[in-house]
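K.L.:
Okay, here's the structure, questions in a sec.
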Amino acid sequence: MVPPVSRRALAVQAPIIPVIAQAIREHPGTLSLGQGVVYYPPPARALEAVSALSADPSLNRYQAVHGTDALVAAIAARLASDHGIAVGSERRVVVTAGGNMAFLNLMLAILDPGDEVILPLPWYFNQEMAVTLVGGRAVGVPTDADYQLDIDAIARAITPRTRAIVTVSPNNPTGAVYGRESLAAVNRLCGERGIYHVSDEAYEYFVHEGEPSFAPAALPGSEPHTVSLYSLSKAYGFASWRVGYMLIPAHLYPAIAKIQDTNLICPPVVSQLAATAALAEGRAWCEPRIAALGEVRQAVFDALAPLAPRVEVPRTRGAFYCLLRLASGGDSLALAMRLIERHRVAVLPGSAFGIDDPCLLRVSYGALRREEVFEAIGRLVEGLRGGSGG
């Protein structure tokens, strides 16, 4: 007899990125508007910093479970300068191997089997997967036509089993940026109901119009119930280095430390050395690269505009995504596969993000060079004319 796989693992959707990547490999010449990464590498200073491993042999041993002192201090300074957040005695910084690990560790710390987490739709698929994997239940709550939060709907979705409300702003997959008023309303609701506000801010610097992104942890009184998630993968070109971190209420730290020690022991020190050097470069290093993406963004919206009204493209203002809404697209995964097979362009299907009616496609314009983005968008427009991908 073959030993079984856990029901929790079987309940989790197949990761969409490897599915699309396999289709790309089977169709050479495909340009990918799929994976959410940036086109540029980390700062040179970050790459140079890893030489410290050979200069100090002690760095090759296990380090602190929550991160090196230097990186934790750099993170605390950044939170203060960028958002006016003081770490203090009521909060702890914990470095993780990427933002996804931070979220999974948090779910292990706050959920028991059957507990619920509210995820505004469309959700970030890895977060729904993490909730399911630990035996929780993801509760999707619709957003409005511009992918903005519906606070009343979120409030109605809270039950005695709700343990957290998650907001992702700037948003993956929509690019929506939630305003201070909406995020403060969610945070206030969490404080009143005794649940966590999990604020995912991985794309915090990627705001191309209007007010900058807002960090709910800056709100007075937010300390006991607010968890903030961050990542170097996007702004600093650090995707493969796997460096994320979270700001958590101090009372959560003992549980998080148990989980991190079991799962990781300590974040990879080589990546932490590079991350410390990257943060020393600061936001000023990121801004011209993000501005260049903003120019590409405008060209992408212009190229997609002729597809209206059959294809609706809400003009969100953050991250490096747009989420296309098709009037008659059918099965979004099947459509994504046809676009690869017939037009050699890859996007992600809305079904991975919890919605398949209407048909949605996520376009990421961050990973390719400018000329490649324009070529890929041209192929996408050609494939979507008539709404069938044929």
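The chains in the structure tokens are called A, B, ... from first to last as shown; in each chain the residues are counted from 1, and the ligands are counted from 1 in the order shown.
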Please return as a PyMOL selection string: the residues of region 186-289 of chain A that backbone DSSP assigns to alpha helix (DSSP H).
P.N.:
chain A and resi 186-193+253-263+269-281+283-289
K.L.:
Taking only residues of region 145-238 of chain A that have an atom at most 10 Å from an atom of region 364-372 of chain A, what is each one's shortest atom pair and its distance in Å to one decimal, using only C-alpha atoms, in chain and number order, as CSV?
P.N.:
```
residue,atom,partner,partner_atom,distance
A:Asn172,CA,A:Ser364,CA,9.8
A:Pro173,CA,A:Ser364,CA,8.7
A:Thr174,CA,A:Ser364,CA,9.9
A:Gly175,CA,A:Ser364,CA,9.7
A:Lys234,CA,A:Gly366,CA,9.2
```
K.L.:
Given the selection you just returned, output its residues as a file containing C-alpha atoms, formatted as a short mmCIF file (atom, residue, chain, number, x, y, z; two decimals), in the first residue's frame.
P.N.:
```cif
data_model
loop_
_atom_site.label_atom_id
_atom_site.label_comp_id
_atom_site.auth_asym_id
_atom_site.auth_seq_id
_atom_site.Cartn_x
_atom_site.Cartn_y
_atom_site.Cartn_z
CA ASN A 172 -1.04 41.72 -5.77
CA PRO A 173 -2.73 40.88 -8.15
CA THR A 174 -4.68 44.09 -8.87
CA GLY A 175 -2.21 46.92 -8.33
CA LYS A 234 10.63 43.56 -5.17
#
```
K.L.:
Any idea what's packed within 10 Å of Leu339 (chain A), counting only C-alpha atoms, ignoring anything in its chain fewer than 2 positions away? Could you give it as a list in words?
P.N.:
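Listing them by chain and then by number gives Thr30, Leu333, Ala334, Leu335, Ala336, Met337, Glu341, Arg342, His343, Arg344, Val345, Ala346, Val347, Arg379, Leu380, Glu382, Gly383, Leu384, Ser388, Gly389 and Gly390 of chain A.
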K.L.:
Can you tell me which residues surround Ala46 (chain A) at a distance of at most 6 Å, considering only C-alpha atoms, apart from same-chain residues fewer than 5 positions away, and format the answer as a ChimeraX atom specification?
P.N.:
/A:274,277-278
K.L.:
Might you pull out every residue within 10 Å of Ala76 (chain A), with only C-alpha atoms counted and same-chain residues fewer than 2 positions away left off, and present them as a count of residues only?
P.N.:
15
K.L.:
Which neighbours of region 297-313 of chain A fall inside 8 Å, counting only C-alpha atoms, when residues of the same chain fewer than 2 positions from it are skipped, and could you give them as a VMD selection string?
P.N.:
chain A and resid 293 to 295 315 320 322 to 328 365 374 377 to 378 381 384 to 387
K.L.:
Can you write just those residues out, C-alpha atoms, as a PDB file, in the first residue's frame?
P.N.:
```pdb
ATOM      1  CA  LEU A 293       8.589  50.963 -14.356  1.00  0.00           C
ATOM      2  CA  GLY A 294       6.032  53.744 -14.026  1.00  0.00           C
ATOM      3  CA  GLU A 295       6.792  54.838 -17.591  1.00  0.00           C
ATOM      4  CA  ARG A 315      -6.444  51.871 -13.782  1.00  0.00           C
ATOM      5  CA  PHE A 320       3.553  46.414 -11.382  1.00  0.00           C
ATOM      6  CA  CYS A 322      -2.903  45.173 -14.004  1.00  0.00           C
ATOM      7  CA  LEU A 323      -5.779  42.737 -13.694  1.00  0.00           C
ATOM      8  CA  LEU A 324      -7.778  42.472 -16.899  1.00  0.00           C
ATOM      9  CA  ARG A 325     -11.490  41.762 -16.678  1.00  0.00           C
ATOM     10  CA  LEU A 326     -12.896  39.977 -19.759  1.00  0.00           C
ATOM     11  CA  ALA A 327     -16.579  40.184 -20.618  1.00  0.00           C
ATOM     12  CA  SER A 328     -16.560  36.724 -22.198  1.00  0.00           C
ATOM     13  CA  TYR A 365       5.136  44.249 -16.513  1.00  0.00           C
ATOM     14  CA  PHE A 374       6.054  46.123 -25.474  1.00  0.00           C
ATOM     15  CA  ILE A 377       1.835  43.289 -24.694  1.00  0.00           C
ATOM     16  CA  GLY A 378       1.500  43.376 -28.472  1.00  0.00           C
ATOM     17  CA  VAL A 381      -3.500  42.343 -27.479  1.00  0.00           C
ATOM     18  CA  LEU A 384      -7.319  38.877 -26.870  1.00  0.00           C
ATOM     19  CA  ARG A 385      -8.932  40.516 -29.885  1.00  0.00           C
ATOM     20  CA  GLY A 386     -12.338  38.892 -30.091  1.00  0.00           C
ATOM     21  CA  GLY A 387     -12.059  37.775 -26.447  1.00  0.00           C
TER      22      GLY A 387
END
```
K.L.:
Just the residues within 12 Å of Gly98 (chain A), please, counting only C-alpha atoms, with nothing from its chain fewer than 6 positions along; format it as a PyMOL selection string.
P.N.:
chain A and resi 104-105+202+229-234+238-246+264+267-268+271-272+275
K.L.:
Write the residues of the preceding selection, restricted to C-alpha atoms, as a short mmCIF file (atom, residue, chain, number, x, y, z; two decimals), in the first residue's frame.
P.N.:
```cif
data_model
loop_
_atom_site.label_atom_id
_atom_site.label_comp_id
_atom_site.auth_asym_id
_atom_site.auth_seq_id
_atom_site.Cartn_x
_atom_site.Cartn_y
_atom_site.Cartn_z
CA LEU A 104 3.09 31.06 6.82
CA ASN A 105 4.87 31.37 10.17
CA ALA A 202 5.77 44.02 -0.01
CA LEU A 229 4.86 42.08 6.39
CA TYR A 230 7.70 43.33 4.20
CA SER A 231 10.05 41.96 1.56
CA LEU A 232 13.25 42.95 -0.22
CA SER A 233 12.33 40.78 -3.22
CA LYS A 234 10.63 43.56 -5.17
CA PHE A 238 16.25 40.37 -4.14
CA ALA A 239 13.80 37.66 -5.23
CA SER A 240 16.18 34.68 -5.15
CA TRP A 241 17.94 35.84 -1.96
CA ARG A 242 14.75 35.21 0.06
CA VAL A 243 14.74 38.02 2.60
CA GLY A 244 11.53 39.21 4.20
CA TYR A 245 10.63 40.45 7.63
CA MET A 246 7.67 41.18 9.84
CA LEU A 264 14.56 27.52 9.59
CA PRO A 267 17.49 33.21 8.20
CA PRO A 268 20.40 32.56 5.78
CA SER A 271 21.30 36.89 2.45
CA GLN A 272 21.12 38.95 5.63
CA ALA A 275 20.11 42.79 2.82
#
```
K.L.:
Enter the distance from CA of Val50 (chain A) to CA of Leu279 (chain A), in Å, rounded to one decimal.
P.N.:
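Pair CA of Val50 (chain A) / CA of Leu279 (chain A) returns 14.2 Å.
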K.L.:
Check the smallest atom-to-atom distance from each of A:Arg180, A:Arg8, A:Arg362, A:Arg283 to Ser213 (chain A) using only C-alpha atoms, then report the winner.
P.N.:
A:Arg180
K.L.:
When DSSP works through the backbone of this structure, what residues of region 152-273 of chain A end up as strand (DSSP E), shown as a list in words?
P.N.:
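Matching residues, listed in order: Thr162, Arg163, Ala164, Ile165, Val166, Thr167, Val168, Tyr196, His197, Val198, Ser199, Asp200, Thr226, Val227, Ser228, Leu229, Tyr230, Ser231, Gly244, Tyr245, Met246, Leu247, Ile248 and Pro249 of chain A.
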K.L.:
How close does each residue of region 76-184 of chain A get to region 10-22 of chain A, giving the shortest atom pair and distance in Å to one decimal for every residue with an atom at most 10 Å away, counting only C-alpha atoms, sorted by chain and residue number, as a tab-separated table?
P.N.:
```
residue	atom	partner	partner_atom	distance
A:Phe125	CA	A:Pro15	CA	8.1
A:Asn126	CA	A:Pro15	CA	7.9
A:Glu128	CA	A:Val12	CA	8.4
A:Met129	CA	A:Val12	CA	5.6
A:Ala130	CA	A:Val12	CA	8.3
A:Val131	CA	A:Val12	CA	9.1
A:Thr132	CA	A:Val12	CA	6.1
A:Leu133	CA	A:Val12	CA	6.4
A:Gly135	CA	A:Ala11	CA	9.3
```
K.L.:
Of the candidates A:Val141, A:Val95, A:Val363, A:Leu106, which one gets nearest to Leu348 (chain A) if we count only C-alpha atoms?
P.N.:
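Among the listed residues, A:Val363 lies closest to Leu348 (chain A).
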K.L.:
Which residue, A:Ser89, A:Ser182, A:Ser351, A:Gln148, has the smallest gap to Arg317 (chain A) when you use only C-alpha atoms?
P.N.:
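Nearest to Arg317 (chain A): A:Gln148.
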K.L.:
Can you work out which one of A:His66, A:Arg137, A:Arg7, A:His83 has the shortest atom-to-atom distance to Ala97 (chain A), counting only C-alpha atoms?
P.N.:
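Of A:His66, A:Arg137, A:Arg7, A:His83, the one nearest Ala97 (chain A) is A:His66, counting only C-alpha atoms.
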K.L.:
Hey, which of A:Asp331, A:Glu116, A:Asp82, A:Glu204 ends up closest to Tyr236 (chain A)? Count only C-alpha atoms.
P.N.:
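Of A:Asp331, A:Glu116, A:Asp82, A:Glu204, the one nearest Tyr236 (chain A) is A:Glu204, counting only C-alpha atoms.
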